[in-house]
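Engineer: The file below is query34.txt, compact mmCIF, C-alpha atoms:
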```txt
# COMPACT_ATOMS: atom_id res chain seq x y z
CA MET A 91 -10.57 7.51 -19.09
CA THR A 92 -12.25 4.15 -18.50
CA ARG A 93 -11.62 3.92 -14.75
CA SER A 94 -13.38 6.29 -12.42
CA THR A 95 -11.42 8.65 -10.20
CA GLY A 96 -10.17 6.90 -7.08
CA THR A 97 -10.02 3.41 -8.58
CA THR A 98 -6.75 1.57 -8.05
CA THR A 99 -5.18 1.58 -11.49
CA TRP A 100 -1.42 1.00 -11.27
CA LEU A 101 1.24 -0.46 -9.00
CA ASP A 102 4.98 -0.52 -9.29
CA LEU A 103 8.00 -1.80 -7.48
CA GLY A 104 10.90 0.48 -6.68
CA THR A 105 13.75 -1.84 -5.78
CA THR A 106 17.34 -1.47 -4.66
CA ASP A 107 18.31 -4.60 -6.62
CA LEU A 108 16.32 -4.95 -9.81
CA ALA A 109 18.12 -8.11 -10.95
CA ALA A 110 17.39 -9.88 -7.67
CA ALA A 111 13.77 -8.71 -7.67
CA LYS A 112 13.24 -9.92 -11.23
CA THR A 113 14.60 -13.38 -10.42
CA PHE A 114 12.41 -13.61 -7.32
CA TYR A 115 9.11 -12.59 -8.92
CA GLU A 116 9.78 -14.52 -12.12
CA GLN A 117 10.16 -17.70 -10.08
CA LEU A 118 7.39 -16.92 -7.59
CA PHE A 119 4.61 -15.64 -9.85
CA GLY A 120 5.83 -16.49 -13.36
CA TRP A 121 6.14 -12.80 -14.29
CA ASP A 122 7.87 -11.50 -17.41
CA PHE A 123 9.81 -8.22 -17.24
CA GLU A 124 10.00 -5.99 -20.32
CA ASP A 125 12.65 -3.23 -20.29
CA THR A 126 11.25 -0.08 -21.89
CA GLY A 127 14.73 1.23 -22.64
CA GLU A 128 17.15 3.97 -21.68
CA GLU A 129 14.80 6.78 -22.75
CA MET A 130 12.31 5.61 -20.08
CA GLY A 131 14.99 5.09 -17.44
CA HIS A 132 14.86 1.32 -17.98
CA TYR A 133 11.43 1.17 -16.38
CA HIS A 134 10.13 -2.39 -16.71
CA MET A 135 6.60 -3.42 -17.62
CA VAL A 136 5.61 -6.61 -15.82
CA ARG A 137 3.31 -9.15 -17.43
CA LYS A 138 1.76 -12.46 -16.43
CA ASP A 139 0.79 -14.67 -19.38
CA GLY A 140 0.74 -11.54 -21.55
CA ALA A 141 -1.54 -9.52 -19.24
CA LEU A 142 -0.16 -6.33 -17.74
CA VAL A 143 0.40 -6.71 -13.99
CA ALA A 144 2.65 -3.88 -12.77
CA GLY A 145 5.80 -1.84 -13.31
CA ALA A 146 9.26 -2.09 -11.79
CA MET A 147 12.30 0.13 -11.62
CA SER A 148 15.65 0.40 -9.88
CA VAL A 149 15.96 2.97 -7.07
CA ALA A 150 19.55 2.03 -6.28
CA GLY A 151 21.47 5.16 -5.32
CA MET A 152 18.34 7.33 -5.11
CA THR A 153 17.49 9.27 -1.95
CA CYS A 154 14.35 10.72 -0.41
CA PRO A 155 14.07 14.49 0.26
CA GLU A 156 15.58 13.99 3.73
CA GLY A 157 18.64 12.38 2.16
CA ASP A 158 18.05 8.80 3.26
CA PRO A 159 18.38 6.03 0.63
CA LEU A 160 15.10 4.97 -0.93
CA PRO A 161 14.04 1.52 0.29
CA SER A 162 12.58 -1.26 -1.80
CA GLU A 163 8.80 -0.92 -1.72
CA TRP A 164 5.60 -1.29 -3.71
CA GLY A 165 3.72 1.85 -4.73
CA VAL A 166 0.01 2.28 -5.50
CA TYR A 167 -1.61 4.70 -7.97
CA LEU A 168 -5.24 5.85 -8.10
CA ALA A 169 -6.94 6.90 -11.34
CA VAL A 170 -7.75 10.60 -11.75
CA ASP A 171 -9.59 12.55 -14.43
CA ASP A 172 -7.45 15.70 -14.25
CA LEU A 173 -4.01 15.32 -12.68
CA ASP A 174 -3.29 19.01 -12.15
CA ALA A 175 -6.68 19.69 -10.60
CA ARG A 176 -6.47 16.67 -8.31
CA LEU A 177 -2.93 17.52 -7.18
CA ALA A 178 -4.12 21.02 -6.32
CA LEU A 179 -7.09 19.54 -4.48
CA ALA A 180 -4.79 17.18 -2.59
CA GLU A 181 -2.65 20.11 -1.41
CA LYS A 182 -5.77 22.03 -0.41
CA HIS A 183 -6.79 19.11 1.79
CA GLY A 184 -3.45 18.73 3.56
CA ALA A 185 -1.27 16.57 1.29
CA THR A 186 2.32 17.31 0.29
CA VAL A 187 3.32 16.85 -3.34
CA VAL A 188 6.49 14.76 -3.43
CA VAL A 189 6.57 14.10 -7.19
CA PRO A 190 5.04 16.91 -9.27
CA ALA A 191 2.99 16.28 -12.39
CA GLY A 192 4.97 14.48 -15.08
CA ASP A 193 4.27 13.11 -18.55
CA VAL A 194 5.46 9.64 -19.58
CA GLY A 195 3.67 9.36 -22.93
CA ALA A 196 1.16 6.72 -21.85
CA GLY A 197 -0.25 9.11 -19.27
CA ARG A 198 0.53 11.67 -16.60
CA PHE A 199 1.43 10.98 -12.99
CA GLY A 200 2.22 12.59 -9.67
CA VAL A 201 2.82 11.40 -6.10
CA VAL A 202 1.66 12.90 -2.82
CA LEU A 203 2.09 12.28 0.88
CA ASP A 204 -1.44 12.18 2.24
CA PRO A 205 -2.37 13.87 5.56
CA SER A 206 -1.88 10.59 7.44
CA HIS A 207 1.66 10.44 5.95
CA ALA A 208 1.07 7.61 3.47
CA VAL A 209 2.49 7.84 -0.04
CA ILE A 210 -0.06 7.56 -2.87
CA GLY A 211 0.33 8.05 -6.61
CA LEU A 212 -2.08 9.63 -9.10
CA TRP A 213 -2.41 8.42 -12.69
CA GLN A 214 -4.21 10.23 -15.53
CA ALA A 215 -4.47 7.71 -18.33
CA GLY A 216 -3.29 8.51 -21.83
CA GLY A 217 -2.56 5.38 -23.83
CA LEU A 218 -2.43 3.16 -20.72
CA ASP A 219 -5.38 2.75 -18.36
CA GLY A 220 -3.43 0.58 -15.92
CA TYR A 221 -2.99 -3.02 -14.93
CA ASP A 222 -5.26 -5.75 -16.31
CA PHE A 223 -7.56 -7.05 -13.58
CA SER A 224 -8.27 -10.78 -13.87
CA GLY A 225 -8.17 -12.16 -10.34
CA ASP A 226 -5.83 -14.91 -11.58
CA PRO A 227 -2.95 -16.26 -9.45
CA GLY A 228 0.08 -13.99 -9.64
CA THR A 229 -1.98 -10.82 -10.21
CA PRO A 230 -3.15 -8.03 -7.87
CA VAL A 231 -6.56 -8.52 -6.28
CA TRP A 232 -6.80 -5.92 -3.50
CA PHE A 233 -5.22 -2.72 -2.18
CA GLU A 234 -5.56 -1.06 1.21
CA LEU A 235 -4.36 1.91 3.20
CA MET A 236 -3.19 1.08 6.70
CA THR A 237 -3.55 4.41 8.48
CA GLN A 238 -2.69 5.81 11.88
CA ASP A 239 -5.28 8.58 11.40
CA PHE A 240 -8.43 6.94 10.09
CA ASP A 241 -10.79 9.90 10.20
CA LYS A 242 -8.35 12.22 8.48
CA ALA A 243 -7.56 9.62 5.82
CA VAL A 244 -11.21 8.85 5.04
CA ALA A 245 -12.00 12.56 4.71
CA PHE A 246 -8.99 13.13 2.43
CA TYR A 247 -9.70 10.29 0.01
CA THR A 248 -13.36 11.25 -0.09
CA ASP A 249 -12.60 14.90 -0.85
CA VAL A 250 -9.74 14.32 -3.30
CA PHE A 251 -10.46 10.97 -4.96
CA ASP A 252 -14.27 10.78 -4.72
CA PHE A 253 -14.24 7.76 -2.41
CA ARG A 254 -17.66 6.61 -1.23
CA PRO A 255 -16.64 5.13 2.14
CA THR A 256 -18.56 1.94 2.84
CA PRO A 257 -18.09 0.15 6.19
CA LEU A 258 -16.92 -3.44 5.88
CA THR A 259 -17.77 -5.68 8.80
CA THR A 260 -17.28 -9.41 9.28
CA GLU A 261 -17.51 -11.77 12.21
CA MET A 262 -13.70 -11.82 12.44
CA ASP A 263 -13.48 -8.05 12.97
CA ASP A 264 -12.17 -6.65 16.23
CA PRO A 265 -14.99 -4.51 17.66
CA GLN A 266 -12.55 -1.62 18.04
CA SER A 267 -11.21 -1.77 14.49
CA ARG A 268 -12.58 0.32 11.63
CA TYR A 269 -12.46 -0.49 7.92
CA VAL A 270 -14.14 1.05 4.90
CA THR A 271 -13.97 0.25 1.21
CA ASP A 272 -13.72 2.98 -1.42
CA ALA A 273 -17.11 2.07 -2.90
CA PRO A 274 -19.99 -0.31 -2.22
CA GLY A 275 -19.95 -4.01 -3.08
CA GLN A 276 -18.39 -5.12 -6.34
CA GLU A 277 -17.43 -1.53 -7.23
CA ALA A 278 -14.79 -1.50 -4.48
CA SER A 279 -11.12 -1.70 -5.42
CA SER A 280 -9.44 -0.72 -2.14
CA GLY A 281 -9.94 -0.26 1.56
CA ILE A 282 -8.88 1.99 4.42
CA CYS A 283 -8.00 0.29 7.70
CA ASP A 284 -7.59 1.95 11.10
CA VAL A 285 -4.35 0.60 12.58
CA ALA A 286 -3.88 3.14 15.39
CA GLY A 287 -3.25 1.18 18.57
CA PHE A 288 -2.66 -2.03 16.61
CA PHE A 289 0.51 -1.10 14.73
CA PRO A 290 3.28 0.87 16.50
CA ALA A 291 3.01 4.59 15.76
CA ASP A 292 6.53 4.65 14.31
CA VAL A 293 5.44 2.21 11.58
CA GLY A 294 3.40 5.08 10.16
CA SER A 295 0.70 4.88 7.49
CA PHE A 296 1.16 3.05 4.21
CA TRP A 297 -0.57 1.41 1.26
CA ARG A 298 -0.23 -2.32 0.67
CA ILE A 299 -1.04 -4.77 -2.13
CA TYR A 300 -2.49 -8.28 -2.23
CA PHE A 301 -1.56 -10.77 -4.94
CA CYS A 302 -3.72 -13.82 -5.61
CA VAL A 303 -2.20 -17.27 -5.09
CA GLU A 304 -3.61 -20.77 -5.31
CA ASP A 305 -2.19 -22.03 -2.01
CA CYS A 306 -1.09 -19.64 0.72
CA ASP A 307 1.14 -21.96 2.75
CA ALA A 308 2.86 -23.40 -0.31
CA THR A 309 3.56 -19.88 -1.54
CA VAL A 310 5.01 -18.90 1.84
CA ASP A 311 7.35 -21.87 1.64
CA ARG A 312 8.35 -20.91 -1.90
CA VAL A 313 9.05 -17.31 -0.85
CA LYS A 314 11.42 -18.58 1.84
CA GLU A 315 13.16 -20.86 -0.66
CA LEU A 316 13.70 -17.87 -2.96
CA GLY A 317 15.28 -15.74 -0.24
CA GLY A 318 12.21 -13.81 0.89
CA ALA A 319 10.68 -13.72 4.36
CA LEU A 320 7.38 -14.29 6.14
CA LEU A 321 6.42 -11.17 8.11
CA ASP A 322 2.96 -12.15 9.38
CA GLY A 323 0.45 -14.98 9.12
CA PRO A 324 -0.79 -17.05 7.44
CA ILE A 325 -4.30 -16.44 8.78
CA ASP A 326 -7.73 -17.53 7.59
CA SER A 327 -10.35 -14.99 6.60
CA PRO A 328 -13.61 -14.74 4.64
CA PHE A 329 -11.53 -13.17 1.85
CA GLY A 330 -8.91 -15.91 1.59
CA ARG A 331 -6.00 -17.35 3.53
CA ILE A 332 -3.56 -14.46 3.71
CA ALA A 333 0.05 -13.74 4.67
CA THR A 334 2.41 -10.79 4.67
CA LEU A 335 5.75 -11.37 2.96
CA ALA A 336 8.90 -9.56 1.90
CA ASP A 337 11.00 -10.11 -1.20
CA PRO A 338 14.80 -10.51 -0.89
CA THR A 339 15.32 -6.73 -1.21
CA GLY A 340 12.87 -5.94 1.61
CA ALA A 341 9.75 -4.87 -0.32
CA SER A 342 6.66 -6.17 1.49
CA PHE A 343 3.45 -7.45 -0.06
CA GLN A 344 0.45 -9.59 0.81
CA ILE A 345 -0.81 -12.81 -0.71
CA SER A 346 -4.37 -14.09 -0.63
CA ALA A 347 -5.50 -17.59 -1.52
CA VAL A 348 -9.06 -16.64 -2.40
CA SER A 349 -10.03 -20.28 -2.97
CA GLN A 350 -9.07 -21.00 0.65
CA ALA A 351 -11.45 -18.41 2.09
CA VAL A 352 -13.17 -19.46 5.32
CA PRO A 353 -16.89 -18.60 5.37
CA GLU A 354 -18.09 -16.42 8.23
CA GLY A 355 -18.97 -18.65 11.12
CA GLY A 356 -16.18 -21.11 10.25
CA ALA A 357 -15.56 -23.77 7.66
CA SER A 358 -18.59 -25.65 6.50
```
Would you write the structure of this file as structure tokens?
Structural biologist:
Amino acid sequence: MTRSTGTTTWLDLGTTDLAAAKTFYEQLFGWDFEDTGEEMGHYHMVRKDGALVAGAMSVAGMTCPEGDPLPSEWGVYLAVDDLDARLALAEKHGATVVVPAGDVGAGRFGVVLDPSHAVIGLWQAGGLDGYDFSGDPGTPVWFELMTQDFDKAVAFYTDVFDFRPTPLTTEMDDPQSRYVTDAPGQEASSGICDVAGFFPADVGSFWRIYFCVEDCDATVDRVKELGGALLDGPIDSPFGRIATLADPTGASFQISAVSQAVPEGGAS
């Protein structure tokens, strides 16, 4: 295991229309999709210029435990050292196991619903550590949990995934908002954001993903051309010009033009 427990290590897209999703992301980010075959349920490995970016699979016809159809959405996985032990620890601290421990050859995985009702995956590496981090356009650069129960979420990820919660404050922060990263400084790979009172309660808690782009507004325009939608933004921040988007099947994601970051105190 080369990534410490709690580090964001994998992401995948579950989509109701895999063909449409492939066309969209191929044209938006220049991704290549590699079908792993029938034995692996036609799970696709996604690459950008040869580097591993993510996974993708069809969820068409699949239902959640309540019987509703699974929507198109991006999922996040955190690295763990011992899957079975961490799943047991997650249950001990109030999570519900929704996908029990499974073996896919390159590693072992499971999925839980955390105590704030956000879905999070666990990945114990075998032959695959996870995605290749480069920070290049078209690749993931940040992950965050948007939670309706901040205190409960911070305690859970600390107890189960060894988070070292570190407050993140900037001049653009609302004085009533709370945000912590999973580790200090350059060690951080994700954040936890308190959205209670900002997002409607029925939106719930959820993880989201940021992909790097060169130009935020141009990418927003391209998403619209390809049949996607702008959900929020663009807005300027010290971390890049960012926007929230949806692909044509409804899966939402964020983009960040890191090169367009606005320094604290405004543009120089």
Engineer: Could you name the residues that touch segment 139-151 of chain A at 10 Å or less, counting all atoms listed in the file, but leaving out those on the same chain fewer than 5 positions away, as a ChimeraX atom specification?
Structural biologist: /A:99-109,111-112,120-125,131-134,158-166,220-224,228-230
Engineer: Within 6 Å of segment 334-341 of chain A, counting all atoms listed in the file, which residues show up once you throw out same-chain ones fewer than 3 positions away? Write them as number ranges by chain, please.
Structural biologist: A: 162-163, 317-322, 344
Engineer: Per residue of segment 108-225 of chain A within 12 Å of segment 241-255 of chain A, what are the shortest atom pair and its distance in Å to one decimal, counting only C-alpha atoms, with rows by chain and residue number, as a Markdown table?
Structural biologist:
```
| residue | atom | partner | partner_atom | distance |
| --- | --- | --- | --- | --- |
| A:Tyr167 | CA | A:Phe251 | CA | 11.3 |
| A:Leu168 | CA | A:Phe251 | CA | 8.0 |
| A:Ala169 | CA | A:Phe251 | CA | 8.3 |
| A:Val170 | CA | A:Phe251 | CA | 7.3 |
| A:Asp171 | CA | A:Phe251 | CA | 9.6 |
| A:Asp172 | CA | A:Phe251 | CA | 10.9 |
| A:Leu173 | CA | A:Phe251 | CA | 11.0 |
| A:Asp174 | CA | A:Val250 | CA | 11.9 |
| A:Ala175 | CA | A:Val250 | CA | 9.6 |
| A:Arg176 | CA | A:Val250 | CA | 6.4 |
| A:Leu177 | CA | A:Val250 | CA | 8.5 |
| A:Ala178 | CA | A:Val250 | CA | 9.3 |
| A:Leu179 | CA | A:Val250 | CA | 6.0 |
| A:Ala180 | CA | A:Val250 | CA | 5.8 |
| A:Glu181 | CA | A:Val250 | CA | 9.3 |
| A:Lys182 | CA | A:Val250 | CA | 9.1 |
| A:His183 | CA | A:Phe246 | CA | 6.4 |
| A:Gly184 | CA | A:Phe246 | CA | 8.0 |
| A:Ala185 | CA | A:Phe246 | CA | 8.5 |
| A:Val202 | CA | A:Val250 | CA | 11.5 |
| A:Leu203 | CA | A:Ala243 | CA | 11.2 |
| A:Asp204 | CA | A:Ala243 | CA | 7.5 |
| A:Pro205 | CA | A:Ala243 | CA | 6.7 |
| A:Ser206 | CA | A:Ala243 | CA | 6.0 |
| A:His207 | CA | A:Ala243 | CA | 9.3 |
| A:Ala208 | CA | A:Ala243 | CA | 9.2 |
| A:Val209 | CA | A:Ala243 | CA | 11.8 |
| A:Ile210 | CA | A:Tyr247 | CA | 10.4 |
| A:Gly211 | CA | A:Phe251 | CA | 11.3 |
| A:Leu212 | CA | A:Phe251 | CA | 9.4 |
| A:Trp213 | CA | A:Phe251 | CA | 11.4 |
```
Engineer: Next, the residues of the selection above should be written as a PDB file, in the coordinates of the input with C-alpha atoms.
Structural biologist:
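To be explicit, this is the file written out as out-v5.pdb:
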```
ATOM      1  CA  TYR A 167      -1.610   4.700  -7.970  1.00  0.00           C
ATOM      2  CA  LEU A 168      -5.240   5.850  -8.100  1.00  0.00           C
ATOM      3  CA  ALA A 169      -6.940   6.900 -11.340  1.00  0.00           C
ATOM      4  CA  VAL A 170      -7.750  10.600 -11.750  1.00  0.00           C
ATOM      5  CA  ASP A 171      -9.590  12.550 -14.430  1.00  0.00           C
ATOM      6  CA  ASP A 172      -7.450  15.700 -14.250  1.00  0.00           C
ATOM      7  CA  LEU A 173      -4.010  15.320 -12.680  1.00  0.00           C
ATOM      8  CA  ASP A 174      -3.290  19.010 -12.150  1.00  0.00           C
ATOM      9  CA  ALA A 175      -6.680  19.690 -10.600  1.00  0.00           C
ATOM     10  CA  ARG A 176      -6.470  16.670  -8.310  1.00  0.00           C
ATOM     11  CA  LEU A 177      -2.930  17.520  -7.180  1.00  0.00           C
ATOM     12  CA  ALA A 178      -4.120  21.020  -6.320  1.00  0.00           C
ATOM     13  CA  LEU A 179      -7.090  19.540  -4.480  1.00  0.00           C
ATOM     14  CA  ALA A 180      -4.790  17.180  -2.590  1.00  0.00           C
ATOM     15  CA  GLU A 181      -2.650  20.110  -1.410  1.00  0.00           C
ATOM     16  CA  LYS A 182      -5.770  22.030  -0.410  1.00  0.00           C
ATOM     17  CA  HIS A 183      -6.790  19.110   1.790  1.00  0.00           C
ATOM     18  CA  GLY A 184      -3.450  18.730   3.560  1.00  0.00           C
ATOM     19  CA  ALA A 185      -1.270  16.570   1.290  1.00  0.00           C
ATOM     20  CA  VAL A 202       1.660  12.900  -2.820  1.00  0.00           C
ATOM     21  CA  LEU A 203       2.090  12.280   0.880  1.00  0.00           C
ATOM     22  CA  ASP A 204      -1.440  12.180   2.240  1.00  0.00           C
ATOM     23  CA  PRO A 205      -2.370  13.870   5.560  1.00  0.00           C
ATOM     24  CA  SER A 206      -1.880  10.590   7.440  1.00  0.00           C
ATOM     25  CA  HIS A 207       1.660  10.440   5.950  1.00  0.00           C
ATOM     26  CA  ALA A 208       1.070   7.610   3.470  1.00  0.00           C
ATOM     27  CA  VAL A 209       2.490   7.840  -0.040  1.00  0.00           C
ATOM     28  CA  ILE A 210      -0.060   7.560  -2.870  1.00  0.00           C
ATOM     29  CA  GLY A 211       0.330   8.050  -6.610  1.00  0.00           C
ATOM     30  CA  LEU A 212      -2.080   9.630  -9.100  1.00  0.00           C
ATOM     31  CA  TRP A 213      -2.410   8.420 -12.690  1.00  0.00           C
TER      32      TRP A 213
END
```
Engineer: Using all atoms listed in the file, which of the listed residues (A:Asp326, A:Asp272, A:Asp305, A:Asp239) sits closest to Phe289 of chain A?
Structural biologist: A:Asp239
Engineer: Expressed in Å to a single decimal, how great is the separation between atom CA of Gln214 of chain A and atom CA of Arg198 of chain A?
Structural biologist: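 Taking atom CA of Gln214 of chain A as the start and atom CA of Arg198 of chain A as the end point, the length is 5.1 Å.
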Engineer: Select, from A:Leu316, A:Gln276, A:Ala286, A:Gly157, the residue with the minimum atom-to-atom distance to Thr113 of chain A, counting all atoms listed in the file.
Structural biologist: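 When distances to Thr113 of chain A are compared using all atoms listed in the file, the smallest one comes from A:Leu316.
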Engineer: What does the distance from atom CA of Val188 of chain A to atom CA of Thr271 of chain A come to in Å, to one decimal?
Structural biologist: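 Atom CA of Thr271 of chain A lies 25.5 Å from atom CA of Val188 of chain A.
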